[in-house]
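Listing of run24.txt, compact mmCIF, C-alpha atoms
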```txt
# COMPACT_ATOMS: atom_id res chain seq x y z
CA MET A 1355 0.00 0.00 0.00
CA TYR A 1356 1.06 3.55 -0.44
CA SER A 1357 -0.43 6.82 0.42
CA LEU A 1358 -0.66 10.15 -1.19
CA THR A 1359 -0.92 12.12 1.99
CA ASP A 1360 2.40 13.83 1.42
CA THR A 1361 1.20 15.18 -1.88
CA GLU A 1362 -2.44 15.54 -0.94
CA ASN A 1363 -2.16 19.19 -0.10
CA LEU A 1364 0.42 21.06 -2.02
CA LEU A 1365 1.47 24.59 -2.11
CA LEU A 1366 1.14 26.48 -5.29
CA SER A 1367 2.22 30.06 -5.46
CA SER A 1368 0.00 31.92 -7.85
CA ASP A 1369 0.96 35.44 -6.93
CA GLU A 1370 4.14 36.79 -5.47
CA GLU A 1371 2.99 36.84 -1.88
CA GLU A 1372 -0.21 34.93 -1.87
CA ASP A 1373 0.17 31.21 -1.39
CA VAL A 1374 -2.94 29.27 -2.23
CA GLN A 1375 -3.66 25.84 -0.87
CA LEU A 1376 -4.95 23.64 -3.64
CA THR A 1377 -5.95 20.04 -3.71
CA PRO A 1378 -4.91 17.95 -6.72
CA ALA A 1379 -8.56 17.84 -7.78
CA GLU A 1380 -8.63 21.61 -8.00
CA VAL A 1381 -5.41 21.61 -9.99
CA ILE A 1382 -6.97 19.21 -12.47
CA GLU A 1383 -10.01 21.43 -12.76
CA MET A 1384 -7.82 24.46 -13.44
CA MET A 1385 -5.91 22.48 -16.05
CA GLU A 1386 -9.16 21.53 -17.78
CA GLY A 1387 -10.24 25.15 -17.78
CA ALA A 1388 -6.91 26.29 -19.18
CA TRP A 1389 -7.05 23.59 -21.85
CA ILE A 1390 -10.49 24.59 -23.09
CA ASN A 1391 -9.68 28.29 -22.99
CA GLU A 1392 -6.50 27.73 -24.96
CA LYS A 1393 -8.38 25.60 -27.45
CA PHE A 1394 -10.95 28.22 -28.28
CA ALA A 1395 -9.09 31.49 -27.84
CA PRO A 1396 -7.76 32.77 -31.16
CA GLU A 1397 -4.60 34.22 -29.61
CA ILE A 1398 -2.12 32.65 -27.25
CA LEU A 1399 -3.08 33.09 -23.60
CA PRO A 1400 -0.74 33.71 -20.66
CA HIS A 1401 1.02 30.44 -19.91
CA ARG A 1402 -0.06 28.35 -16.94
CA SER A 1403 3.11 26.35 -16.55
CA GLU A 1404 2.69 26.38 -12.78
CA ILE A 1405 -0.39 24.18 -13.15
CA VAL A 1406 1.30 22.01 -15.77
CA ASP A 1407 4.36 21.46 -13.58
CA CYS A 1408 2.24 20.73 -10.55
CA LEU A 1409 0.09 18.22 -12.37
CA LEU A 1410 3.04 16.53 -14.03
CA ALA A 1411 4.72 16.13 -10.64
CA GLN A 1412 1.56 14.41 -9.40
CA VAL A 1413 1.41 12.16 -12.42
CA THR A 1414 5.08 11.20 -12.16
CA SER A 1415 4.86 10.34 -8.49
CA MET A 1416 1.75 8.31 -9.19
CA GLU A 1417 3.53 6.45 -11.96
CA GLU A 1418 6.32 5.59 -9.56
CA ASN A 1419 3.79 4.40 -7.04
CA ILE A 1420 1.94 2.11 -9.37
CA GLN A 1421 5.11 0.42 -10.57
CA GLY A 1422 5.22 -1.33 -7.24
CA LEU A 1423 1.70 -2.67 -7.64
CA ASP A 1424 0.95 -6.19 -8.74
CA SER A 1425 -0.22 -6.07 -12.33
CA SER A 1426 -3.19 -8.30 -11.55
CA ASP A 1427 -4.42 -5.72 -9.07
CA PHE A 1428 -7.45 -3.91 -10.44
CA LYS A 1429 -6.21 -0.72 -8.83
CA LYS A 1430 -3.26 -0.66 -11.16
CA SER A 1431 -5.38 -0.40 -14.27
CA ILE A 1432 -7.53 2.28 -12.69
CA HIS A 1433 -4.50 4.33 -11.70
CA GLN A 1434 -2.95 3.80 -15.10
CA LEU A 1435 -6.13 4.97 -16.76
CA GLU A 1436 -6.22 8.11 -14.69
CA VAL A 1437 -2.57 8.84 -15.39
CA ASP A 1438 -3.18 8.43 -19.12
CA ARG A 1439 -6.15 10.77 -18.99
CA LEU A 1440 -4.16 13.45 -17.22
CA ARG A 1441 -1.23 13.04 -19.59
CA PHE A 1442 -3.59 13.51 -22.51
CA LEU A 1443 -4.96 16.68 -20.93
CA VAL A 1444 -1.53 18.20 -20.40
CA SER A 1445 -0.11 17.24 -23.77
CA SER A 1446 -3.16 18.43 -25.65
CA TYR A 1447 -2.86 21.76 -23.85
CA LEU A 1448 0.84 22.14 -24.64
CA ARG A 1449 0.34 21.01 -28.22
CA THR A 1450 -2.38 23.59 -28.80
CA ARG A 1451 0.01 26.28 -27.62
CA LEU A 1452 2.77 25.03 -29.89
CA GLU A 1453 0.42 25.08 -32.86
CA LYS A 1454 -0.40 28.69 -32.10
CA ILE A 1455 3.28 29.56 -31.72
CA GLU A 1456 4.09 27.96 -35.06
CA CYS A 1457 1.22 29.72 -36.75
CA TYR A 1458 1.82 33.18 -35.32
CA SER A 1459 5.51 33.02 -34.41
CA THR A 1460 6.44 36.49 -35.70
CA HIS A 1461 3.39 38.12 -34.21
CA ILE A 1462 3.83 36.44 -30.84
CA LEU A 1463 7.51 37.35 -30.62
CA LYS A 1464 6.68 40.94 -31.43
CA GLU A 1465 4.03 41.01 -28.70
CA GLU A 1466 6.41 39.37 -26.23
CA ALA A 1467 9.09 41.99 -26.93
CA GLU A 1468 6.47 44.67 -26.41
CA ARG A 1469 5.38 43.13 -23.13
CA SER A 1470 8.90 42.80 -21.75
CA ARG A 1471 9.55 46.43 -22.71
CA ARG A 1472 6.52 47.45 -20.66
CA GLY A 1473 7.69 45.20 -17.87
CA GLU A 1474 4.66 42.92 -18.06
CA GLU A 1475 4.65 39.21 -17.53
CA SER A 1476 5.52 37.10 -20.50
CA TYR A 1477 2.75 35.00 -22.04
CA LEU A 1478 5.13 32.26 -23.12
CA SER A 1479 6.90 29.98 -20.70
CA GLU A 1480 10.68 29.85 -20.88
CA GLN A 1481 10.87 26.75 -23.05
CA GLU A 1482 8.12 28.08 -25.27
CA SER A 1483 9.97 31.32 -25.95
CA VAL A 1484 13.13 29.41 -26.83
CA PHE A 1485 11.07 27.32 -29.23
CA ALA A 1486 9.36 30.38 -30.70
CA ARG A 1487 12.67 32.11 -31.35
CA ASN A 1488 14.25 29.04 -32.92
CA PHE A 1489 11.21 28.40 -35.04
CA SER A 1490 11.05 31.97 -36.22
CA GLN A 1491 14.75 32.04 -37.09
CA GLY A 1492 14.47 28.79 -38.98
CA LEU A 1493 11.50 30.10 -40.91
CA GLU A 1494 13.27 33.32 -41.83
CA PHE A 1495 16.38 31.46 -42.91
CA TYR A 1496 14.31 29.13 -45.05
CA PHE A 1497 12.34 31.90 -46.72
CA ASP A 1498 15.47 33.92 -47.47
CA LYS A 1499 17.17 30.88 -48.96
CA LEU A 1500 14.13 30.14 -51.04
CA LEU A 1501 13.88 33.68 -52.37
CA ASN A 1502 17.42 33.40 -53.71
CA PHE A 1503 16.07 31.04 -56.31
CA TYR A 1504 13.74 33.70 -57.63
CA PRO A 1505 15.87 36.78 -58.12
CA GLY A 1506 13.07 38.98 -59.41
CA LEU A 1507 10.92 38.84 -56.28
CA PRO A 1508 10.95 41.63 -53.73
CA THR A 1509 12.67 40.19 -50.67
CA GLU A 1510 10.99 42.17 -47.93
CA SER A 1511 7.38 41.52 -48.86
CA TRP A 1512 6.94 38.32 -46.89
CA SER A 1513 8.42 39.64 -43.68
CA SER A 1514 6.14 42.66 -43.65
CA ARG A 1515 3.06 40.48 -43.89
CA ILE A 1516 2.73 39.04 -40.48
CA ILE A 1517 0.09 36.45 -39.78
CA GLU A 1518 -2.01 37.70 -36.91
CA PRO A 1519 -4.74 35.90 -35.03
CA ASN A 1520 -8.23 37.11 -35.80
CA LEU A 1521 -9.09 38.58 -32.45
CA HIS A 1522 -12.58 39.31 -33.57
CA SER A 1523 -13.53 35.72 -34.23
CA PHE A 1524 -16.70 34.59 -32.52
CA ILE A 1525 -16.51 32.25 -29.58
CA PHE A 1526 -18.84 30.70 -27.05
CA VAL A 1527 -18.32 31.78 -23.50
CA LYS A 1528 -19.82 30.95 -20.14
CA SER A 1529 -19.47 33.33 -17.25
CA LYS A 1530 -18.69 32.10 -13.76
CA THR A 1531 -20.45 35.02 -12.12
CA ASP A 1532 -22.85 37.72 -13.24
CA VAL A 1533 -20.90 40.31 -15.18
CA GLU A 1534 -22.48 43.61 -16.13
CA GLY A 1535 -21.71 46.05 -18.88
CA VAL A 1536 -19.47 44.12 -21.23
CA ILE A 1537 -18.82 46.31 -24.25
CA ILE A 1538 -19.68 44.53 -27.47
CA ASP A 1539 -17.36 45.32 -30.33
CA ASP A 1540 -19.57 44.97 -33.39
CA GLY A 1541 -17.41 46.84 -35.85
CA THR A 1542 -19.28 50.12 -35.60
CA ASP A 1543 -18.65 53.01 -33.25
CA GLY A 1544 -21.75 52.44 -31.15
CA ASP A 1545 -21.03 50.96 -27.77
CA ASP A 1546 -23.51 48.24 -27.00
CA LEU A 1547 -23.42 46.75 -23.57
CA ALA A 1548 -24.25 43.22 -22.56
CA ASP A 1549 -24.85 41.66 -19.17
CA PHE A 1550 -23.68 38.10 -18.63
CA ARG A 1551 -25.66 35.86 -16.37
CA ALA A 1552 -23.69 33.13 -14.67
CA GLY A 1553 -23.79 29.80 -16.48
CA THR A 1554 -25.56 30.93 -19.66
CA PRO A 1555 -23.70 30.14 -22.89
CA ILE A 1556 -23.13 33.28 -24.91
CA LEU A 1557 -21.90 33.82 -28.42
CA ILE A 1558 -19.76 36.93 -28.68
CA SER A 1559 -16.62 38.16 -30.37
CA TYR A 1560 -13.39 37.26 -28.61
CA ASN A 1561 -12.02 40.76 -28.23
CA SER A 1562 -15.08 41.82 -26.24
CA VAL A 1563 -14.23 39.31 -23.54
CA SER A 1564 -10.46 38.72 -23.89
CA GLY A 1565 -9.76 40.66 -20.70
CA LEU A 1566 -12.28 38.59 -18.76
CA VAL A 1567 -10.84 35.35 -20.17
CA LYS A 1568 -7.31 36.26 -19.07
CA LYS A 1569 -8.54 37.27 -15.63
CA GLY A 1570 -10.35 33.95 -15.38
CA ASP A 1571 -13.81 35.44 -14.83
CA VAL A 1572 -15.31 33.68 -17.81
CA ASN A 1573 -14.65 30.33 -19.44
CA LEU A 1574 -14.66 29.61 -23.13
CA ILE A 1575 -16.73 26.60 -24.07
CA MET B 1402 -13.48 20.52 -29.95
CA ASN B 1403 -14.45 17.19 -31.36
CA PRO B 1404 -17.10 14.98 -29.74
CA ASP B 1405 -14.44 12.75 -28.18
CA GLU B 1406 -13.02 15.66 -26.28
CA ALA B 1407 -16.47 16.69 -25.09
CA GLU B 1408 -16.92 13.11 -23.96
CA PHE B 1409 -13.57 13.20 -22.19
CA LEU B 1410 -14.74 16.18 -20.13
CA GLY B 1411 -18.11 14.60 -19.45
CA GLU B 1412 -16.51 11.45 -18.09
CA LYS B 1413 -15.40 13.09 -14.88
CA GLN B 1414 -19.01 13.28 -13.73
CA PHE B 1415 -19.70 11.06 -10.73
CA ILE B 1416 -22.08 8.14 -10.96
CA SER B 1417 -23.23 5.50 -8.54
CA ILE B 1418 -22.11 1.88 -9.00
CA ILE B 1419 -22.71 -1.37 -7.18
CA PRO B 1420 -19.37 -3.20 -7.10
CA THR B 1421 -19.13 -6.96 -7.12
CA PHE B 1422 -15.80 -7.02 -5.29
CA ASN B 1423 -14.30 -5.83 -2.04
CA SER B 1424 -11.52 -3.30 -1.88
CA GLY B 1425 -10.25 -0.45 0.22
CA VAL B 1426 -10.16 3.19 -0.76
CA VAL B 1427 -8.41 3.97 -4.05
CA HIS B 1428 -6.35 7.14 -3.85
CA LEU B 1429 -6.77 8.74 -7.23
CA ILE B 1430 -5.04 12.01 -8.01
CA SER B 1431 -8.45 13.57 -8.49
CA GLY B 1432 -9.57 12.40 -5.07
CA ASP B 1433 -10.29 9.22 -3.13
CA VAL B 1434 -12.95 6.78 -4.24
CA GLY B 1435 -14.34 3.82 -2.38
CA PRO B 1436 -14.11 1.80 -0.21
CA PHE B 1437 -15.78 -0.86 -2.31
CA ARG B 1438 -18.02 -3.37 -0.59
CA ALA B 1439 -19.77 -5.92 -2.75
CA SER B 1440 -23.41 -4.92 -3.35
CA LEU B 1441 -23.09 -1.61 -1.49
CA PRO B 1442 -23.45 1.40 -3.82
CA THR B 1443 -20.58 3.88 -4.01
CA ARG B 1444 -19.87 6.87 -6.21
CA VAL B 1445 -17.05 6.92 -8.76
CA PRO B 1446 -16.20 9.01 -11.84
CA LEU B 1447 -17.93 7.89 -15.01
CA TRP B 1448 -14.70 6.81 -16.74
CA MET B 1449 -13.90 4.52 -13.85
CA ALA B 1450 -17.41 3.10 -13.76
CA ILE B 1451 -17.15 2.24 -17.43
CA ASN B 1452 -13.76 0.63 -16.98
CA LEU B 1453 -15.03 -1.50 -14.11
CA LYS B 1454 -18.17 -2.38 -16.01
CA GLN B 1455 -16.11 -3.57 -18.94
CA GLN B 1456 -14.26 -5.85 -16.57
CA GLN B 1457 -17.61 -7.08 -15.22
CA LYS B 1458 -16.70 -5.78 -11.80
CA CYS B 1459 -19.75 -3.66 -11.14
CA LYS B 1460 -23.30 -2.75 -12.01
CA ILE B 1461 -23.90 0.86 -12.91
CA GLN B 1462 -26.85 2.60 -11.31
CA HIS B 1463 -28.37 4.77 -13.98
CA PRO B 1464 -28.84 8.45 -13.15
CA GLU B 1465 -32.19 9.37 -11.69
CA TRP B 1466 -33.39 11.19 -14.78
CA MET B 1467 -32.74 8.22 -17.02
CA ASN B 1468 -36.18 6.65 -16.85
CA VAL B 1469 -38.97 6.57 -19.38
CA ASP B 1470 -41.51 8.60 -17.39
CA GLN B 1471 -39.27 11.52 -16.67
CA LEU B 1472 -37.81 11.61 -20.16
CA GLU B 1473 -41.30 11.58 -21.69
CA ARG B 1474 -42.12 14.59 -19.53
CA ILE B 1475 -38.98 16.38 -20.63
CA LYS B 1476 -39.81 15.62 -24.23
CA GLU B 1477 -43.32 17.08 -23.89
CA ASP B 1478 -41.94 20.21 -22.21
CA GLU B 1479 -39.34 20.56 -24.90
CA LYS B 1480 -42.05 20.31 -27.55
CA LYS B 1481 -44.30 22.89 -25.91
CA ASP B 1482 -41.65 25.43 -24.99
CA LYS B 1483 -40.44 27.82 -27.63
CA PHE B 1484 -37.05 28.06 -25.96
CA PHE B 1485 -34.60 25.44 -24.81
CA THR B 1486 -35.66 23.82 -21.57
CA LYS B 1487 -33.22 22.95 -18.86
CA MET B 1488 -31.87 19.44 -19.27
CA PRO B 1489 -31.55 17.18 -16.23
CA SER B 1490 -27.82 17.01 -16.81
CA GLU B 1491 -25.41 19.26 -18.65
CA GLN B 1492 -23.94 16.13 -20.20
CA TYR B 1493 -27.16 14.28 -20.86
CA MET B 1494 -26.17 13.20 -24.34
CA ILE B 1495 -22.73 12.02 -23.30
CA GLU B 1496 -24.00 10.11 -20.28
CA ALA B 1497 -26.75 8.52 -22.31
CA LYS B 1498 -24.40 7.47 -25.07
CA LEU B 1499 -21.80 6.00 -22.73
CA LEU B 1500 -24.21 4.25 -20.40
CA LEU B 1501 -26.47 2.86 -23.08
CA GLY B 1502 -23.39 1.83 -24.98
CA CYS B 1503 -21.62 -0.22 -22.35
CA ALA B 1504 -24.18 -0.85 -19.64
CA SER B 1505 -27.49 -1.17 -21.42
CA ASP B 1506 -28.27 -4.25 -19.31
CA ASP B 1507 -28.21 -2.06 -16.19
CA VAL B 1508 -30.75 0.43 -17.55
CA PRO B 1509 -34.35 -0.77 -17.62
CA LYS B 1510 -36.05 -0.24 -20.99
CA ALA B 1511 -32.79 0.88 -22.55
CA ASP B 1512 -34.19 0.85 -26.07
CA ASP B 1513 -37.13 3.09 -25.19
CA ILE B 1514 -34.82 5.49 -23.41
CA ARG B 1515 -32.52 5.60 -26.40
CA THR B 1516 -35.44 6.52 -28.67
CA ILE B 1517 -36.77 9.22 -26.36
CA ILE B 1518 -33.37 10.82 -25.87
CA LYS B 1519 -32.87 10.83 -29.61
CA ASP B 1520 -36.28 12.51 -29.98
CA ILE B 1521 -35.36 15.15 -27.42
CA TRP B 1522 -32.08 15.73 -29.20
CA ASP B 1523 -33.87 16.10 -32.54
CA ILE B 1524 -36.38 18.60 -31.16
CA ARG B 1525 -33.57 20.64 -29.66
CA MET B 1526 -31.52 20.51 -32.84
CA ALA B 1527 -34.49 21.78 -34.85
CA LYS B 1528 -34.84 24.70 -32.40
CA LEU B 1529 -31.13 25.29 -32.59
CA ARG B 1530 -31.17 25.45 -36.37
CA SER B 1531 -33.95 28.01 -36.40
CA SER B 1532 -32.20 30.12 -33.75
CA VAL B 1533 -28.97 29.97 -35.74
CA ASN B 1534 -30.98 31.25 -38.67
CA ASN B 1535 -32.30 34.11 -36.54
CA VAL B 1536 -28.85 35.04 -35.29
CA LEU B 1537 -27.50 35.15 -38.83
CA LYS B 1538 -30.43 37.16 -40.13
CA SER B 1539 -30.19 39.78 -37.43
CA ALA B 1540 -26.39 39.76 -37.81
CA ASP B 1541 -26.01 40.59 -34.15
CA SER B 1542 -22.68 40.50 -32.44
CA TYR B 1543 -24.09 38.89 -29.39
CA ALA B 1544 -26.38 35.97 -28.72
CA GLU B 1545 -27.44 34.07 -25.64
CA PHE B 1546 -28.06 30.34 -25.73
CA LYS B 1547 -29.74 29.62 -22.45
CA ASN B 1548 -29.75 25.97 -21.36
CA LEU B 1549 -27.81 24.75 -24.37
CA THR B 1550 -25.48 21.88 -23.49
CA VAL B 1551 -21.87 21.46 -24.52
CA MET B 1552 -22.54 18.76 -27.07
CA GLU B 1553 -25.19 20.90 -28.75
CA ILE B 1554 -22.91 23.92 -28.90
CA ASN B 1555 -20.33 21.67 -30.47
CA SER B 1556 -22.71 20.71 -33.23
CA ILE B 1557 -23.01 24.29 -34.53
CA ARG B 1558 -19.31 24.85 -34.40
CA PRO B 1559 -17.47 25.88 -36.50
CA ILE B 1560 -20.23 26.84 -38.95
CA LEU B 1561 -22.00 29.55 -36.91
CA PRO B 1562 -18.90 31.39 -35.60
CA HIS B 1563 -17.40 31.22 -39.11
CA ALA B 1564 -20.47 32.70 -40.71
CA LEU B 1565 -20.52 35.52 -38.16
CA ASP B 1566 -16.82 36.17 -38.78
CA GLN B 1567 -17.56 36.66 -42.44
CA ILE B 1568 -20.54 38.91 -41.75
CA TYR B 1569 -18.33 40.98 -39.48
CA ARG B 1570 -15.77 41.38 -42.26
CA MET B 1571 -18.44 42.62 -44.61
CA LYS B 1572 -19.71 45.03 -41.98
CA ILE B 1573 -16.23 46.39 -41.35
CA ASN B 1574 -15.65 46.89 -45.04
CA LYS B 1575 -18.92 48.71 -45.43
CA HIS B 1576 -18.26 50.80 -42.37
CA GLN B 1577 -14.84 51.87 -43.51
CA GLY B 1578 -16.09 52.66 -46.96
CA ALA B 1579 -13.79 51.90 -49.81
CA GLN B 1580 -10.80 51.59 -47.52
CA SER B 1581 -9.61 48.06 -47.69
CA THR B 1582 -9.03 46.36 -44.41
CA THR B 1583 -6.22 44.00 -43.83
CA LEU B 1584 -7.56 40.60 -43.20
CA SER B 1585 -5.95 38.88 -40.35
CA THR B 1586 -5.28 35.19 -40.67
CA PRO B 1587 -5.45 35.08 -44.43
CA PHE B 1588 -5.57 31.34 -44.80
CA ARG B 1589 -7.91 30.40 -42.04
CA THR B 1590 -11.18 32.06 -41.22
CA SER B 1591 -11.56 30.92 -37.68
CA THR B 1592 -8.80 30.33 -35.26
CA SER B 1593 -10.35 27.44 -33.49
CA PHE B 1594 -7.35 25.23 -32.93
CA SER B 1595 -9.55 22.38 -32.00
CA ASN B 1596 -10.39 21.66 -35.59
CA LEU B 1597 -6.86 21.15 -36.77
CA SER B 1598 -6.02 17.63 -37.56
```

Step by step, read the file and then write its structure as structure tokens.
Amino acid sequence: MYSLTDTENLLLSSDEEEDVQLTPAEVIEMMEGAWINEKFAPEILPHRSEIVDCLLAQVTSMEENIQGLDSSDFKKSIHQLEVDRLRFLVSSYLRTRLEKIECYSTHILKEEAERSRRGEESYLSEQESVFARNFSQGLEFYFDKLLNFYPGLPTESWSSRIIEPNLHSFIFVKSKTDVEGVIIDDGTDGDDLADFRAGTPILISYNSVSGLVKKGDVNLI
Amino acid sequence: MNPDEAEFLGEKQFISIIPTFNSGVVHLISGDVGPFRASLPTRVPLWMAINLKQQQKCKIQHPEWMNVDQLERIKEDEKKDKFFTKMPSEQYMIEAKLLLGCASDDVPKADDIRTIIKDIWDIRMAKLRSSVNNVLKSADSYAEFKNLTVMEINSIRPILPHALDQIYRMKINKHQGAQSTTLSTPFRTSTSFSNLS
């Protein structure tokens, strides 16, 4: 037998000073929320590597634990199943982010540079920014090489056309609490306001709610 | 999001099972389940219930709403009401599919229930299609879908958000007169990463 009591309650620092006590179940819930949000948001969201790390630590320690179990034990297959489910969750989340980085590498790097200039927190995790830079360099190198084969083409045209996420794309969102006076961006100058009632699915453009999504007040669905 | 992923999320719902074996508490990462005493009901996540059922280690107790009488009532309400009625479970379609798929012997009148749930789904989809039509006609930038479940939202994605994206582009172009706008994401209309293969 083994117990999880040592990892049952873990510390997770979300803000600089504030330490929040979270149970593994809550961490999983946050991971699910982050996964869905990342899936449906057109742009890359602030990274949640603290949740990823925390969950992976749990999964790894569980994997070590179940190695000692007899393979005929029914508990082993249950634990294995849970571990597989959580691994899927984490890898799908990370993969979605990588897809976005590959798609919008130039745009994201530009935004990141802007953010660090303003002293704001970076949206990419450390490994992600290394990947983004490498990817972007590789892409540039490749395009430049390729353009050498076609001497007549203007060389700078591709680098000035940056692929940007469509921040106005429509998404479904569900609010956790009642939110009043969300400004709807409908492409005209008129400011329409909307009130969100908790739990009601709403179809709205992403840029009207992007702030709320990043704050965690609303969930994409 | 594809249906499998919606199912994945629905599977964390708890359901009551009657185990046919004895065992102590299982310490899952998501929380403890058990102890298991043969023929005493206990609550476990749906994914675990299905796994145990497949190993013939338990009987699944169907959710309370999954009986012919109550579903008939829901169906009548759904027919009468112009709007979407509240479903007994946010994941009704997922639960029904999984339970009737692997544990139909534990649900009395499984075939009837399957038909009624399909009817309810069809009524709701018809309503959904006409409300999608309304949203597109009014070309609003905001719409509420009260009581719509995740699976149903999934069924109108990506077509409805895509259509609205295009309408928005036309609006912007009209608004800005002859000025051409730069289209973001030139090769993909929506940025839903869930639909990438």

Can you work out the spacing between atom CA of Met1571 of chain B and atom CA of Asn1561 of chain A in Å, to one decimal? 17.7 Å

Given the choices A:Leu1478, A:Ile1516, A:Leu1566, A:Leu1501, which gets closest to Val1536 of chain A if the distance is worked out from all atoms listed in the file? A:Leu1566

Could you write out as a ChimeraX atom specification the residues of chain A within 8 Å of chain B, counting only C-alpha atoms? /A:1357-1358,1378-1379,1382,1393-1396,1412-1413,1416,1429,1432-1433,1436,1450,1453-1454,1517-1520,1522-1525,1538-1542,1554-1559,1575

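The interatomic distance for the pair atom CA of Lys1528 of chain B and atom CA of Lys1483 of chain B works out to 8.0 Å.
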
Using all atoms listed in the file, determine which residues lie at most 10 Å from Glu1465 of chain A, disregarding the query and same-chain residues fewer than 5 positions distant; provide the list as a PyMOL selection string. chain A and resi 1459-1460+1470-1471+1476-1477

Just to be explicit: take each residue in the selection above, keep C-alpha atoms, and write the result as a CSV table (one decimal), in the frame of the given file.
```
chain,number,residue,atom,x,y,z
A,1459,SER,CA,5.5,33.0,-34.4
A,1460,THR,CA,6.4,36.5,-35.7
A,1470,SER,CA,8.9,42.8,-21.8
A,1471,ARG,CA,9.6,46.4,-22.7
A,1476,SER,CA,5.5,37.1,-20.5
A,1477,TYR,CA,2.8,35.0,-22.0
```

If I take atom CA of Ala1504 of chain B and atom CA of Leu1423 of chain A, how far is one from the other in Å, to one decimal?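 Separating atom CA of Ala1504 of chain B from atom CA of Leu1423 of chain A is a distance of 28.6 Å.
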
Of the candidates B:Ile1451, B:Cys1459, B:Ile1495, B:Ala1511, which shows the shortest atom-to-atom distance to Arg1438 of chain B, using all atoms listed in the file? B:Cys1459

So that I can check the surroundings of Val1406 of chain A, please list as a tab-separated table (two decimals) with C-alpha atoms, keeping the file's coordinate frame every protein, DNA and RNA residue that reaches within 9 Å of it, counting all atoms listed in the file and ignoring chain neighbours fewer than 3 positions away.
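Final output, around21.tsv:
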```
chain	number	residue	atom	x	y	z
A	1381	VAL	CA	-5.41	21.61	-9.99
A	1385	MET	CA	-5.91	22.48	-16.05
A	1402	ARG	CA	-0.06	28.35	-16.94
A	1403	SER	CA	3.11	26.35	-16.55
A	1409	LEU	CA	0.09	18.22	-12.37
A	1410	LEU	CA	3.04	16.53	-14.03
A	1411	ALA	CA	4.72	16.13	-10.64
A	1444	VAL	CA	-1.53	18.20	-20.40
A	1448	LEU	CA	0.84	22.14	-24.64
```

Which residue gives the smallest distance to Val1527 of chain A among A:Gln1434, A:Ser1426, A:Asn1391, A:Ser1479, with only C-alpha atoms counted?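 The closest residue to Val1527 of chain A is A:Asn1391.
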
Out of B:Asn1468, B:Thr1516, B:Ser1556, B:Gln1457, which residue has the shortest atom-to-atom distance to Val1533 of chain B when counting all atoms listed in the file? B:Ser1556

Since the input is missing atoms for segment 1461-1470 of chain B, could you rebuild it with N, CA, C and O atoms and give the result as a compact mmCIF listing (two decimals), keeping the file's coordinate frame?
```txt
# COMPACT_ATOMS: atom_id res chain seq x y z
N ILE B 1461 -23.78 -0.59 -12.97
CA ILE B 1461 -23.90 0.86 -12.91
C ILE B 1461 -25.34 1.22 -12.58
O ILE B 1461 -26.27 0.66 -13.15
N GLN B 1462 -25.50 2.11 -11.60
CA GLN B 1462 -26.85 2.60 -11.31
C GLN B 1462 -27.12 3.79 -12.21
O GLN B 1462 -26.39 4.78 -12.14
N HIS B 1463 -28.14 3.68 -13.03
CA HIS B 1463 -28.37 4.77 -13.98
C HIS B 1463 -28.78 6.03 -13.24
O HIS B 1463 -29.38 5.97 -12.17
N PRO B 1464 -28.46 7.20 -13.81
CA PRO B 1464 -28.84 8.45 -13.15
C PRO B 1464 -30.35 8.53 -13.00
O PRO B 1464 -31.09 7.92 -13.78
N GLU B 1465 -30.77 9.31 -12.02
CA GLU B 1465 -32.19 9.37 -11.69
C GLU B 1465 -33.08 9.76 -12.87
O GLU B 1465 -34.16 9.22 -13.06
N TRP B 1466 -32.55 10.67 -13.69
CA TRP B 1466 -33.39 11.19 -14.78
C TRP B 1466 -33.54 10.18 -15.90
O TRP B 1466 -34.37 10.33 -16.78
N MET B 1467 -32.71 9.14 -15.88
CA MET B 1467 -32.74 8.22 -17.02
C MET B 1467 -33.83 7.16 -16.85
O MET B 1467 -33.56 5.97 -16.69
N ASN B 1468 -35.08 7.61 -16.84
CA ASN B 1468 -36.18 6.65 -16.85
C ASN B 1468 -37.26 7.16 -17.80
O ASN B 1468 -37.35 8.36 -18.07
N VAL B 1469 -38.05 6.24 -18.29
CA VAL B 1469 -38.97 6.57 -19.38
C VAL B 1469 -39.93 7.68 -19.01
O VAL B 1469 -40.12 8.63 -19.77
N ASP B 1470 -40.50 7.60 -17.78
CA ASP B 1470 -41.51 8.60 -17.39
C ASP B 1470 -40.96 10.02 -17.43
O ASP B 1470 -41.53 10.92 -18.03
```
